[in-house]
>>> print(open('upload24.pdb').read())   # PDB, C-alpha atoms and all ligand atoms
ATOM      1  CA  MET A   1     -20.153  14.112 -28.104
ATOM      2  CA  THR A   2     -21.993  17.424 -27.908
ATOM      3  CA  PRO A   3     -20.101  20.597 -26.888
ATOM      4  CA  PRO A   4     -22.150  20.904 -23.642
ATOM      5  CA  ASP A   5     -21.290  17.277 -22.726
ATOM      6  CA  TYR A   6     -17.630  18.030 -23.332
ATOM      7  CA  GLU A   7     -17.760  21.181 -21.218
ATOM      8  CA  TYR A   8     -19.523  19.313 -18.410
ATOM      9  CA  LEU A   9     -16.844  16.580 -18.408
ATOM     10  CA  ARG A  10     -14.013  19.084 -18.593
ATOM     11  CA  LYS A  11     -15.303  20.978 -15.573
ATOM     12  CA  PHE A  12     -16.090  17.772 -13.690
ATOM     13  CA  LEU A  13     -12.532  16.480 -14.190
ATOM     14  CA  LYS A  14     -10.910  19.788 -13.310
ATOM     15  CA  ASP A  15     -12.930  20.050 -10.091
ATOM     16  CA  ASN A  16     -12.482  16.431  -9.033
ATOM     17  CA  SER A  17      -9.017  15.372 -10.148
ATOM     18  CA  GLY A  18      -7.324  18.593 -11.244
ATOM     19  CA  LEU A  19      -7.019  17.380 -14.824
ATOM     20  CA  ASP A  20      -6.922  20.472 -17.031
ATOM     21  CA  LEU A  21      -8.027  19.477 -20.530
ATOM     22  CA  SER A  22      -7.648  21.925 -23.402
ATOM     23  CA  ALA A  23     -10.652  22.668 -25.610
ATOM     24  CA  ASP A  24      -9.672  20.066 -28.232
ATOM     25  CA  LYS A  25      -9.408  16.791 -26.314
ATOM     26  CA  GLN A  26     -12.783  15.315 -27.315
ATOM     27  CA  TYR A  27     -11.066  12.309 -28.911
ATOM     28  CA  LEU A  28      -9.267  11.529 -25.633
ATOM     29  CA  ILE A  29     -12.480  11.680 -23.623
ATOM     30  CA  GLU A  30     -14.305   9.539 -26.175
ATOM     31  CA  SER A  31     -11.615   6.888 -26.385
ATOM     32  CA  ARG A  32     -11.412   6.548 -22.614
ATOM     33  CA  LEU A  33     -15.074   6.959 -21.663
ATOM     34  CA  LEU A  34     -16.912   5.036 -24.386
ATOM     35  CA  PRO A  35     -15.813   1.681 -22.894
ATOM     36  CA  ILE A  36     -17.308   2.797 -19.542
ATOM     37  CA  ALA A  37     -20.581   3.749 -21.239
ATOM     38  CA  ARG A  38     -20.720   0.398 -23.042
ATOM     39  CA  LYS A  39     -19.954  -1.556 -19.872
ATOM     40  CA  ALA A  40     -22.800   0.269 -18.132
ATOM     41  CA  GLY A  41     -25.124  -0.584 -21.038
ATOM     42  CA  LEU A  42     -25.352   3.025 -22.176
ATOM     43  CA  PRO A  43     -25.365   3.963 -25.877
ATOM     44  CA  GLY A  44     -22.906   6.884 -25.648
ATOM     45  CA  ILE A  45     -21.265   9.771 -23.825
ATOM     46  CA  THR A  46     -24.474  11.829 -23.624
ATOM     47  CA  GLU A  47     -26.182   9.094 -21.616
ATOM     48  CA  LEU A  48     -23.055   8.717 -19.455
ATOM     49  CA  VAL A  49     -23.162  12.428 -18.679
ATOM     50  CA  LEU A  50     -26.877  12.171 -17.838
ATOM     51  CA  LYS A  51     -26.056   9.411 -15.314
ATOM     52  CA  MET A  52     -23.351  11.593 -13.775
ATOM     53  CA  LYS A  53     -25.731  14.544 -13.555
ATOM     54  CA  ALA A  54     -28.236  12.247 -11.849
ATOM     55  CA  GLY A  55     -25.587  11.663  -9.161
ATOM     56  CA  SER A  56     -24.187   8.217 -10.046
ATOM     57  CA  THR A  57     -21.069   7.949  -7.872
ATOM     58  CA  PRO A  58     -19.844   4.654  -9.404
ATOM     59  CA  ILE A  59     -19.947   6.176 -12.894
ATOM     60  CA  ALA A  60     -18.288   9.396 -11.686
ATOM     61  CA  ASN A  61     -15.486   7.395 -10.039
ATOM     62  CA  GLN A  62     -14.964   5.303 -13.165
ATOM     63  CA  VAL A  63     -14.725   8.492 -15.239
ATOM     64  CA  ILE A  64     -12.052   9.906 -12.914
ATOM     65  CA  GLU A  65     -10.113   6.609 -12.941
ATOM     66  CA  ALA A  66     -10.314   6.288 -16.719
ATOM     67  CA  MET A  67      -8.981   9.790 -17.276
ATOM     68  CA  THR A  68      -5.914   9.427 -15.056
ATOM     69  CA  THR A  69      -2.632   8.687 -16.813
ATOM     70  CA  ASN A  70      -0.770   6.097 -14.751
ATOM     71  CA  GLU A  71       2.374   5.795 -16.857
ATOM     72  CA  THR A  72       5.371   4.986 -14.666
ATOM     73  CA  PHE A  73       8.373   2.684 -14.543
ATOM     74  CA  PHE A  74      11.153   1.633 -12.214
ATOM     75  CA  PHE A  75      13.853   4.291 -11.653
ATOM     76  CA  ARG A  76      12.022   6.567 -14.090
ATOM     77  CA  ASP A  77      14.424   9.183 -15.535
ATOM     78  CA  LYS A  78      17.256   7.723 -13.403
ATOM     79  CA  VAL A  79      18.493  11.197 -12.319
ATOM     80  CA  PRO A  80      16.047  11.673  -9.386
ATOM     81  CA  PHE A  81      17.225   8.381  -7.923
ATOM     82  CA  ASP A  82      20.861   9.452  -8.347
ATOM     83  CA  HIS A  83      19.924  12.635  -6.462
ATOM     84  CA  PHE A  84      18.264  10.510  -3.811
ATOM     85  CA  ARG A  85      21.318   8.321  -3.320
ATOM     86  CA  ASP A  86      24.056  10.933  -3.804
ATOM     87  CA  ALA A  87      22.585  14.180  -2.430
ATOM     88  CA  ILE A  88      19.469  13.573  -0.364
ATOM     89  CA  MET A  89      20.460  10.512   1.646
ATOM     90  CA  PRO A  90      23.971  11.647   2.623
ATOM     91  CA  GLU A  91      22.461  14.867   4.018
ATOM     92  CA  ILE A  92      19.648  13.054   5.777
ATOM     93  CA  LEU A  93      21.993  10.505   7.318
ATOM     94  CA  GLN A  94      23.858  13.389   8.845
ATOM     95  CA  ALA A  95      20.973  15.695   9.717
ATOM     96  CA  ARG A  96      18.840  12.930  11.259
ATOM     97  CA  ALA A  97      21.678  11.024  12.939
ATOM     98  CA  GLY A  98      20.205  11.838  16.358
ATOM     99  CA  ARG A  99      16.627  10.952  15.580
ATOM    100  CA  ARG A 100      17.450   8.100  13.201
ATOM    101  CA  SER A 101      14.229   8.249  11.235
ATOM    102  CA  ILE A 102      13.213   9.323   7.767
ATOM    103  CA  ARG A 103       9.783   9.987   6.273
ATOM    104  CA  ILE A 104       9.337   9.845   2.501
ATOM    105  CA  TRP A 105       6.152  10.539   0.559
ATOM    106  CA  CYS A 106       5.464   9.527  -3.043
ATOM    107  CA  ALA A 107       2.546  11.834  -3.699
ATOM    108  CA  ALA A 108       1.446  10.201  -6.979
ATOM    109  CA  GLY A 109       2.878   6.740  -6.580
ATOM    110  CA  SER A 110       0.814   5.129  -9.337
ATOM    111  CA  THR A 111       1.380   1.361  -9.620
ATOM    112  CA  GLY A 112       4.316   1.357  -7.206
ATOM    113  CA  GLN A 113       7.423   1.474  -9.364
ATOM    114  CA  GLU A 114       8.493   4.851  -7.903
ATOM    115  CA  PRO A 115       8.032   4.062  -4.178
ATOM    116  CA  TYR A 116       9.534   0.591  -4.651
ATOM    117  CA  SER A 117      12.525   2.086  -6.502
ATOM    118  CA  LEU A 118      13.101   4.288  -3.450
ATOM    119  CA  ALA A 119      12.629   1.316  -1.131
ATOM    120  CA  MET A 120      15.240  -0.682  -3.090
ATOM    121  CA  CYS A 121      17.652   2.288  -2.945
ATOM    122  CA  LEU A 122      17.211   2.368   0.832
ATOM    123  CA  LYS A 123      17.607  -1.384   1.111
ATOM    124  CA  GLU A 124      20.925  -1.030  -0.706
ATOM    125  CA  MET A 125      21.970   1.344   2.102
ATOM    126  CA  SER A 126      21.009  -1.060   4.873
ATOM    127  CA  ALA A 127      24.346  -0.803   6.635
ATOM    128  CA  ALA A 128      24.161   2.987   6.980
ATOM    129  CA  LEU A 129      20.515   2.789   8.022
ATOM    130  CA  ALA A 130      20.873   0.084  10.659
ATOM    131  CA  GLY A 131      18.468   0.864  13.489
ATOM    132  CA  TRP A 132      16.688   3.635  11.570
ATOM    133  CA  ARG A 133      12.938   3.957  11.355
ATOM    134  CA  VAL A 134      12.119   4.311   7.660
ATOM    135  CA  GLU A 135       8.720   5.257   6.339
ATOM    136  CA  ILE A 136       7.682   5.435   2.699
ATOM    137  CA  LEU A 137       4.115   6.495   2.085
ATOM    138  CA  ALA A 138       2.709   6.006  -1.430
ATOM    139  CA  THR A 139      -0.519   7.816  -2.230
ATOM    140  CA  ASP A 140      -2.546   8.202  -5.379
ATOM    141  CA  LEU A 141      -5.974   9.372  -6.459
ATOM    142  CA  SER A 142      -6.682   6.081  -8.209
ATOM    143  CA  LEU A 143      -7.713   3.075  -6.123
ATOM    144  CA  GLU A 144      -6.941   0.759  -9.038
ATOM    145  CA  VAL A 145      -3.272   1.706  -9.125
ATOM    146  CA  ILE A 146      -3.018   1.546  -5.338
ATOM    147  CA  GLU A 147      -4.291  -2.025  -5.408
ATOM    148  CA  LYS A 148      -1.754  -2.946  -8.064
ATOM    149  CA  SER A 149       0.995  -1.218  -6.120
ATOM    150  CA  LYS A 150       0.095  -3.119  -2.950
ATOM    151  CA  ALA A 151       0.242  -6.430  -4.817
ATOM    152  CA  GLY A 152       3.684  -5.559  -6.214
ATOM    153  CA  LEU A 153       3.110  -7.817  -9.230
ATOM    154  CA  TYR A 154       4.662  -6.744 -12.515
ATOM    155  CA  SER A 155       4.729  -8.096 -16.055
ATOM    156  CA  GLN A 156       7.901  -8.990 -17.911
ATOM    157  CA  PHE A 157       7.502  -5.742 -19.870
ATOM    158  CA  GLU A 158       7.233  -3.677 -16.671
ATOM    159  CA  VAL A 159      10.329  -5.170 -15.052
ATOM    160  CA  GLN A 160      12.282  -4.633 -18.245
ATOM    161  CA  ARG A 161      11.644  -0.875 -18.087
ATOM    162  CA  GLY A 162      14.340   0.802 -15.990
ATOM    163  CA  LEU A 163      14.980  -1.951 -13.471
ATOM    164  CA  PRO A 164      18.621  -3.072 -13.357
ATOM    165  CA  ILE A 165      18.853  -6.839 -13.842
ATOM    166  CA  GLN A 166      20.736  -7.264 -10.542
ATOM    167  CA  MET A 167      17.806  -5.673  -8.712
ATOM    168  CA  LEU A 168      15.338  -7.915 -10.514
ATOM    169  CA  VAL A 169      17.285 -10.966  -9.418
ATOM    170  CA  LYS A 170      17.768  -9.680  -5.885
ATOM    171  CA  TYR A 171      14.323  -8.317  -5.050
ATOM    172  CA  PHE A 172      11.794 -10.118  -7.270
ATOM    173  CA  LYS A 173      10.414 -13.619  -7.511
ATOM    174  CA  GLN A 174       8.866 -14.996 -10.686
ATOM    175  CA  THR A 175       5.287 -16.188 -10.204
ATOM    176  CA  GLY A 176       3.880 -17.543 -13.463
ATOM    177  CA  GLU A 177       4.177 -14.838 -16.090
ATOM    178  CA  PHE A 178       4.578 -12.117 -13.449
ATOM    179  CA  TRP A 179       7.324 -10.929 -11.154
ATOM    180  CA  GLN A 180       6.512 -10.066  -7.548
ATOM    181  CA  ILE A 181       8.626  -7.699  -5.530
ATOM    182  CA  SER A 182       9.758  -9.262  -2.243
ATOM    183  CA  ALA A 183       7.567  -9.085   0.840
ATOM    184  CA  GLU A 184      10.370  -7.248   2.617
ATOM    185  CA  ILE A 185      10.407  -4.407   0.077
ATOM    186  CA  ARG A 186       6.607  -4.339  -0.062
ATOM    187  CA  ALA A 187       6.488  -3.985   3.719
ATOM    188  CA  MET A 188       8.590  -0.833   3.478
ATOM    189  CA  VAL A 189       5.817   0.991   1.577
ATOM    190  CA  GLN A 190       2.459   1.982   3.008
ATOM    191  CA  HIS A 191      -0.421   2.931   0.758
ATOM    192  CA  ARG A 192      -3.254   5.377   1.043
ATOM    193  CA  GLN A 193      -5.710   6.926  -1.404
ATOM    194  CA  LEU A 194      -5.239  10.670  -1.550
ATOM    195  CA  ASN A 195      -6.390  13.432  -3.870
ATOM    196  CA  LEU A 196      -3.776  16.186  -4.045
ATOM    197  CA  LEU A 197      -6.580  18.724  -4.507
ATOM    198  CA  HIS A 198      -7.707  17.974  -0.960
ATOM    199  CA  ASP A 199      -6.131  18.841   2.377
ATOM    200  CA  PHE A 200      -3.222  16.513   3.150
ATOM    201  CA  SER A 201      -1.888  18.216   6.282
ATOM    202  CA  GLN A 202      -3.006  15.197   8.349
ATOM    203  CA  LEU A 203      -0.135  13.196   6.817
ATOM    204  CA  GLY A 204       2.356  15.212   8.826
ATOM    205  CA  VAL A 205       5.731  16.519   7.734
ATOM    206  CA  PHE A 206       8.149  14.671   5.439
ATOM    207  CA  ASP A 207      11.885  14.735   4.901
ATOM    208  CA  VAL A 208      11.525  13.900   1.219
ATOM    209  CA  ILE A 209       8.579  14.297  -1.134
ATOM    210  CA  PHE A 210       8.532  12.806  -4.619
ATOM    211  CA  CYS A 211       5.687  14.472  -6.521
ATOM    212  CA  ARG A 212       6.554  13.588 -10.073
ATOM    213  CA  ASN A 213       4.677  13.684 -13.351
ATOM    214  CA  VAL A 214       1.325  14.616 -11.906
ATOM    215  CA  LEU A 215       1.376  18.423 -11.690
ATOM    216  CA  ILE A 216       1.888  18.612 -15.468
ATOM    217  CA  TYR A 217      -1.805  17.753 -15.820
ATOM    218  CA  PHE A 218      -2.943  20.690 -13.659
ATOM    219  CA  ASP A 219      -3.407  24.384 -14.407
ATOM    220  CA  GLN A 220      -1.131  27.050 -12.971
ATOM    221  CA  ASP A 221      -3.303  28.076 -10.007
ATOM    222  CA  THR A 222      -3.729  24.449  -8.959
ATOM    223  CA  LYS A 223       0.026  23.861  -9.161
ATOM    224  CA  ILE A 224       0.742  26.950  -7.050
ATOM    225  CA  ASN A 225      -1.837  25.896  -4.464
ATOM    226  CA  ILE A 226      -0.358  22.381  -4.246
ATOM    227  CA  PHE A 227       3.225  23.710  -4.008
ATOM    228  CA  ARG A 228       2.166  25.919  -1.075
ATOM    229  CA  ARG A 229       0.650  22.976   0.751
ATOM    230  CA  LEU A 230       3.562  20.670  -0.127
ATOM    231  CA  ALA A 231       5.919  23.246   1.380
ATOM    232  CA  LYS A 232       3.983  23.047   4.668
ATOM    233  CA  SER A 233       4.369  19.250   4.550
ATOM    234  CA  THR A 234       8.134  19.429   3.980
ATOM    235  CA  GLU A 235      10.697  19.657   6.756
ATOM    236  CA  SER A 236      12.495  23.016   6.679
ATOM    237  CA  ASP A 237      15.634  21.137   5.570
ATOM    238  CA  GLY A 238      13.726  18.619   3.437
ATOM    239  CA  PHE A 239      13.592  17.910  -0.283
ATOM    240  CA  LEU A 240      11.064  17.940  -3.106
ATOM    241  CA  ALA A 241      11.614  15.994  -6.342
ATOM    242  CA  LEU A 242       9.528  16.933  -9.380
ATOM    243  CA  GLY A 243       9.201  15.369 -12.831
ATOM    244  CA  ALA A 244      11.412  16.349 -15.750
ATOM    245  CA  ALA A 245       8.715  18.616 -17.244
ATOM    246  CA  GLU A 246       7.791  20.259 -13.942
ATOM    247  CA  THR A 247       9.264  23.185 -12.014
ATOM    248  CA  VAL A 248       8.434  25.746  -9.353
ATOM    249  CA  VAL A 249      10.412  28.398 -11.212
ATOM    250  CA  GLY A 250       8.172  31.257 -12.291
ATOM    251  CA  LEU A 251       5.281  29.966 -10.161
ATOM    252  CA  THR A 252       6.257  30.270  -6.515
ATOM    253  CA  ASP A 253       9.190  30.742  -4.189
ATOM    254  CA  VAL A 254       7.988  28.336  -1.500
ATOM    255  CA  PHE A 255      10.577  25.955  -2.972
ATOM    256  CA  LYS A 256      13.878  26.797  -4.642
ATOM    257  CA  PRO A 257      16.000  24.702  -7.003
ATOM    258  CA  TYR A 258      18.816  22.683  -5.489
ATOM    259  CA  PRO A 259      21.897  23.945  -7.323
ATOM    260  CA  GLU A 260      23.147  21.665 -10.106
ATOM    261  CA  ARG A 261      20.558  18.969  -9.319
ATOM    262  CA  ARG A 262      17.853  19.171 -11.968
ATOM    263  CA  GLY A 263      14.356  18.416 -10.679
ATOM    264  CA  LEU A 264      15.353  18.699  -7.024
ATOM    265  CA  TYR A 265      14.081  21.492  -4.761
ATOM    266  CA  ARG A 266      14.337  22.633  -1.164
ATOM    267  CA  PRO A 267      12.010  24.802   0.917
ATOM    268  CA  GLY A 268      12.290  28.462  -0.127
ATOM    269  CA  ASN A 269      13.400  29.506   3.358
ATOM    270  CA  PHE A 270      15.868  26.621   3.712
ATOM    271  CA  ASN A 271      18.825  27.696   5.740
ATOM    272  CA  PRO A 272      21.680  25.185   5.961
ATOM    273  CA  ALA A 273      22.345  26.319   9.533
ATOM    274  CA  SER A 274      18.841  25.361  10.734
ATOM    275  CA  THR A 275      18.327  21.889  12.206
ATOM    276  CA  LYS A 276      14.577  21.571  12.775
ATOM    277  CA  THR A 277      13.574  17.967  13.396
ATOM    278  CA  ALA A 278      10.674  16.089  11.843
ATOM    279  CA  SER A 279       7.405  15.485  13.656
ATOM    280  CA  GLY A 280       4.721  13.456  11.884
ATOM    281  CA  VAL A 281       1.269  14.697  12.862
ATOM    282  CA  ASN A 282      -1.005  11.649  13.043
ATOM    283  CA  ALA A 283       1.758   9.946  11.116
ATOM    284  CA  PRO A 284       0.964   6.461   9.782
ATOM    285  CA  LYS A 285       2.935   3.650  11.377
ATOM    286  CA  ALA A 286       6.416   3.311   9.938
ATOM    287  CA  ALA A 287       7.094   0.219   7.886
ATOM    288  CA  ALA A 288       9.128  -2.442   9.584
ATOM    289  CA  MET A 289      12.670  -2.416   8.295
ATOM    290  CA  ALA A 290      13.606  -5.963   9.174
ATOM    291  CA  GLY A 291      17.322  -6.457   9.196
ATOM    292  CA  MET A 292      18.094  -2.738   9.195
TER
HETATM  293  C1  LIG A 301       1.891   9.749 -14.782
HETATM  294  S1  LIG A 301       1.649   9.020 -13.203
HETATM  295  C2  LIG A 301       3.191   9.381 -12.420
HETATM  296  C3  LIG A 301       3.646   8.263 -11.527
HETATM  297  C4  LIG A 301       5.015   8.453 -10.887
HETATM  298  N1  LIG A 301       5.022   9.585  -9.975
HETATM  299  C5  LIG A 301       6.080   8.621 -11.932
HETATM  300  O1  LIG A 301       6.582   9.738 -12.126
HETATM  301  O2  LIG A 301       6.457   7.647 -12.580
HETATM  302  C6  LIG A 301       0.535  10.206 -12.493
HETATM  303  C7  LIG A 301      -0.245   9.651 -11.294
HETATM  304  O3  LIG A 301      -0.919  10.752 -10.677
HETATM  305  C8  LIG A 301      -2.165  10.299 -10.208
HETATM  306  N2  LIG A 301      -3.040  11.465 -10.027
HETATM  307  C9  LIG A 301      -3.719  12.168 -10.966
HETATM  308  N3  LIG A 301      -4.426  13.145 -10.408
HETATM  309  C10 LIG A 301      -4.196  13.090  -9.070
HETATM  310  C11 LIG A 301      -4.654  13.835  -7.953
HETATM  311  N4  LIG A 301      -5.511  14.862  -8.086
HETATM  312  N5  LIG A 301      -4.210  13.487  -6.723
HETATM  313  C12 LIG A 301      -3.350  12.434  -6.566
HETATM  314  N6  LIG A 301      -2.890  11.683  -7.581
HETATM  315  C13 LIG A 301      -3.313  12.016  -8.825
HETATM  316  C14 LIG A 301      -2.630   9.332 -11.284
HETATM  317  O4  LIG A 301      -3.611   8.437 -10.798
HETATM  318  C15 LIG A 301      -1.335   8.655 -11.679
HETATM  319  O5  LIG A 301      -1.155   7.439 -11.001
END
>>> encode(input="upload24.pdb", output="structure tokens")
Amino acid sequence: MTPPDYEYLRKFLKDNSGLDLSADKQYLIESRLLPIARKAGLPGITELVLKMKAGSTPIANQVIEAMTTNETFFFRDKVPFDHFRDAIMPEILQARAGRRSIRIWCAAGSTGQEPYSLAMCLKEMSAALAGWRVEILATDLSLEVIEKSKAGLYSQFEVQRGLPIQMLVKYFKQTGEFWQISAEIRAMVQHRQLNLLHDFSQLGVFDVIFCRNVLIYFDQDTKINIFRRLAKSTESDGFLALGAAETVVGLTDVFKPYPERRGLYRPGNFNPASTKTASGVNAPKAAAMAGM
């Protein structure tokens, strides 16, 4: 790959997906993009870049998809889900007792393990949530992962990563060599394609946002910009969960760390005495919570 091709791809990815590649990632680009070039009948990266410059949207979309890292697994890192069960939900059950509704957003939901882990946590709390309207929105830049998430079909390897065996037995059905998460849990999660670089204010305001293991790929200014917009999409008494390698500290004060709960944040101006209620602007329909 020529240096100008590399620079073109670097800028293209930064502008379109936020991915901030350092100057020495040629091997990564080549290993991920050569298969796309070959599939399109092109001899190499230079010809792929020429197609992109000529305005080929299908090629551009494939390049963005190929460069996303979709690594995820059920109950990834465990701790955020402990926070969800032990800190977030007890507060929400109290703070939203009048309204009896909760809005959760997985802002980079990948193939579904994160939103479905949250859905299973909530299902385990069915008694406390009886009569509540529960909404989990899973978004991602990649249409491929959204399709997989919607299907809720996982390999043996995927269900062996992080998923407690009792939950596998309770919420999954074996279909051939795959395991499918139950229709009831699937119905709790809605899906939508969304690029975090773009305006997301139309989604409304959420009680809980999980935005994990995606901001690590972005540069500092992009992170700060996204934190500012996430803060506007978070209830004043809401919560933000970030990945283990991500933090707001040193970047912005629109969120502040939740004491003694690593990876958990609250709006910077959170005041425990305030009791503002949620109001989804053009909010998508809440998932049916049959039996809750
Ligand atoms: C490493 S996965 C993390 C999945 C999950 N949150 C977790 O922690 O297990 C990162 C996800 O971010 C998505 N992503 C990358 N850039 C994005 C963007 N600009 N907007 C929205 N999603 C993006 C990728 O497609 C990928 O599915």
>>> residues_near_point(input="upload24.pdb", point="(-19.9, 8.5, -16.4)", cutoff="10 Å", atoms="all atoms listed in the file", output="ChimeraX atom specification")
/A:9,33-34,36-37,40,42,44-53,55-64,66
>>> resolve_selection(input="upload24.pdb", expression="the PyMOL selection byres (((not hetatm)) within 8 of (chain A and resi 301))", output="MDAnalysis selection string")
chainID A and resid 16:19 65 68:74 76 106:111 113:114 139:142 145 193:197 210:215 217 243
>>> closest_residue(input="upload24.pdb", among="A:Lys150, A:Lys232, A:Lys170, A:Arg186", to="Phe200 (chain A)", atoms="only C-alpha atoms")
A:Lys232
>>> residues_around(input="upload24.pdb", residues="Glu260 (chain A)", least_positions_apart="4", cutoff="12 Å", atoms="only C-alpha atoms", output="list in words")
Val79, His83, Ala87, Lys256, Leu264 and Tyr265 of chain A
>>> closest_residue(input="upload24.pdb", among="A:Ala241, A:Ile104, A:Ile181, A:Val208", to="Leu153 (chain A)", atoms="only C-alpha atoms")
A:Ile181
>>> decode(input="upload24.pdb", residues="region 179-224 of chain A", atoms="C-alpha atoms", output="CSV table (one decimal), in the first residue's frame")
chain,number,residue,atom,x,y,z
A,179,TRP,CA,-28.0,-21.5,20.6
A,180,GLN,CA,-30.8,-18.9,20.3
A,181,ILE,CA,-31.8,-16.6,23.0
A,182,SER,CA,-35.5,-16.8,23.8
A,183,ALA,CA,-38.0,-14.8,21.9
A,184,GLU,CA,-39.1,-13.1,25.2
A,185,ILE,CA,-35.6,-11.8,25.8
A,186,ARG,CA,-35.1,-10.8,22.2
A,187,ALA,CA,-38.4,-8.8,22.3
A,188,MET,CA,-37.0,-6.8,25.2
A,189,VAL,CA,-34.3,-5.3,22.9
A,190,GLN,CA,-34.9,-2.9,20.0
A,191,HIS,CA,-32.2,-2.3,17.4
A,192,ARG,CA,-31.3,0.6,15.3
A,193,GLN,CA,-28.2,1.5,13.2
A,194,LEU,CA,-26.5,4.6,14.7
A,195,ASN,CA,-23.2,6.3,14.2
A,196,LEU,CA,-22.0,7.9,17.4
A,197,LEU,CA,-20.3,10.6,15.4
A,198,HIS,CA,-23.8,11.8,14.2
A,199,ASP,CA,-26.5,13.6,16.1
A,200,PHE,CA,-28.4,11.2,18.4
A,201,SER,CA,-30.6,13.6,20.3
A,202,GLN,CA,-33.7,12.2,18.5
A,203,LEU,CA,-33.4,9.1,20.6
A,204,GLY,CA,-34.5,11.0,23.7
A,205,VAL,CA,-33.2,10.8,27.2
A,206,PHE,CA,-32.1,7.6,28.9
A,207,ASP,CA,-31.9,6.5,32.5
A,208,VAL,CA,-28.9,4.3,31.8
A,209,ILE,CA,-26.4,4.4,29.0
A,210,PHE,CA,-23.9,1.6,28.4
A,211,CYS,CA,-21.2,2.9,26.0
A,212,ARG,CA,-18.5,0.4,26.4
A,213,ASN,CA,-15.3,-0.4,24.5
A,214,VAL,CA,-16.0,1.9,21.6
A,215,LEU,CA,-14.6,5.2,22.6
A,216,ILE,CA,-11.1,3.7,23.0
A,217,TYR,CA,-10.9,3.7,19.2
A,218,PHE,CA,-11.5,7.5,19.0
A,219,ASP,CA,-9.2,10.5,19.5
A,220,GLN,CA,-9.5,12.8,22.4
A,221,ASP,CA,-11.6,15.5,20.7
A,222,THR,CA,-14.1,12.9,19.4
A,223,LYS,CA,-14.4,11.4,22.9
A,224,ILE,CA,-15.1,14.8,24.5
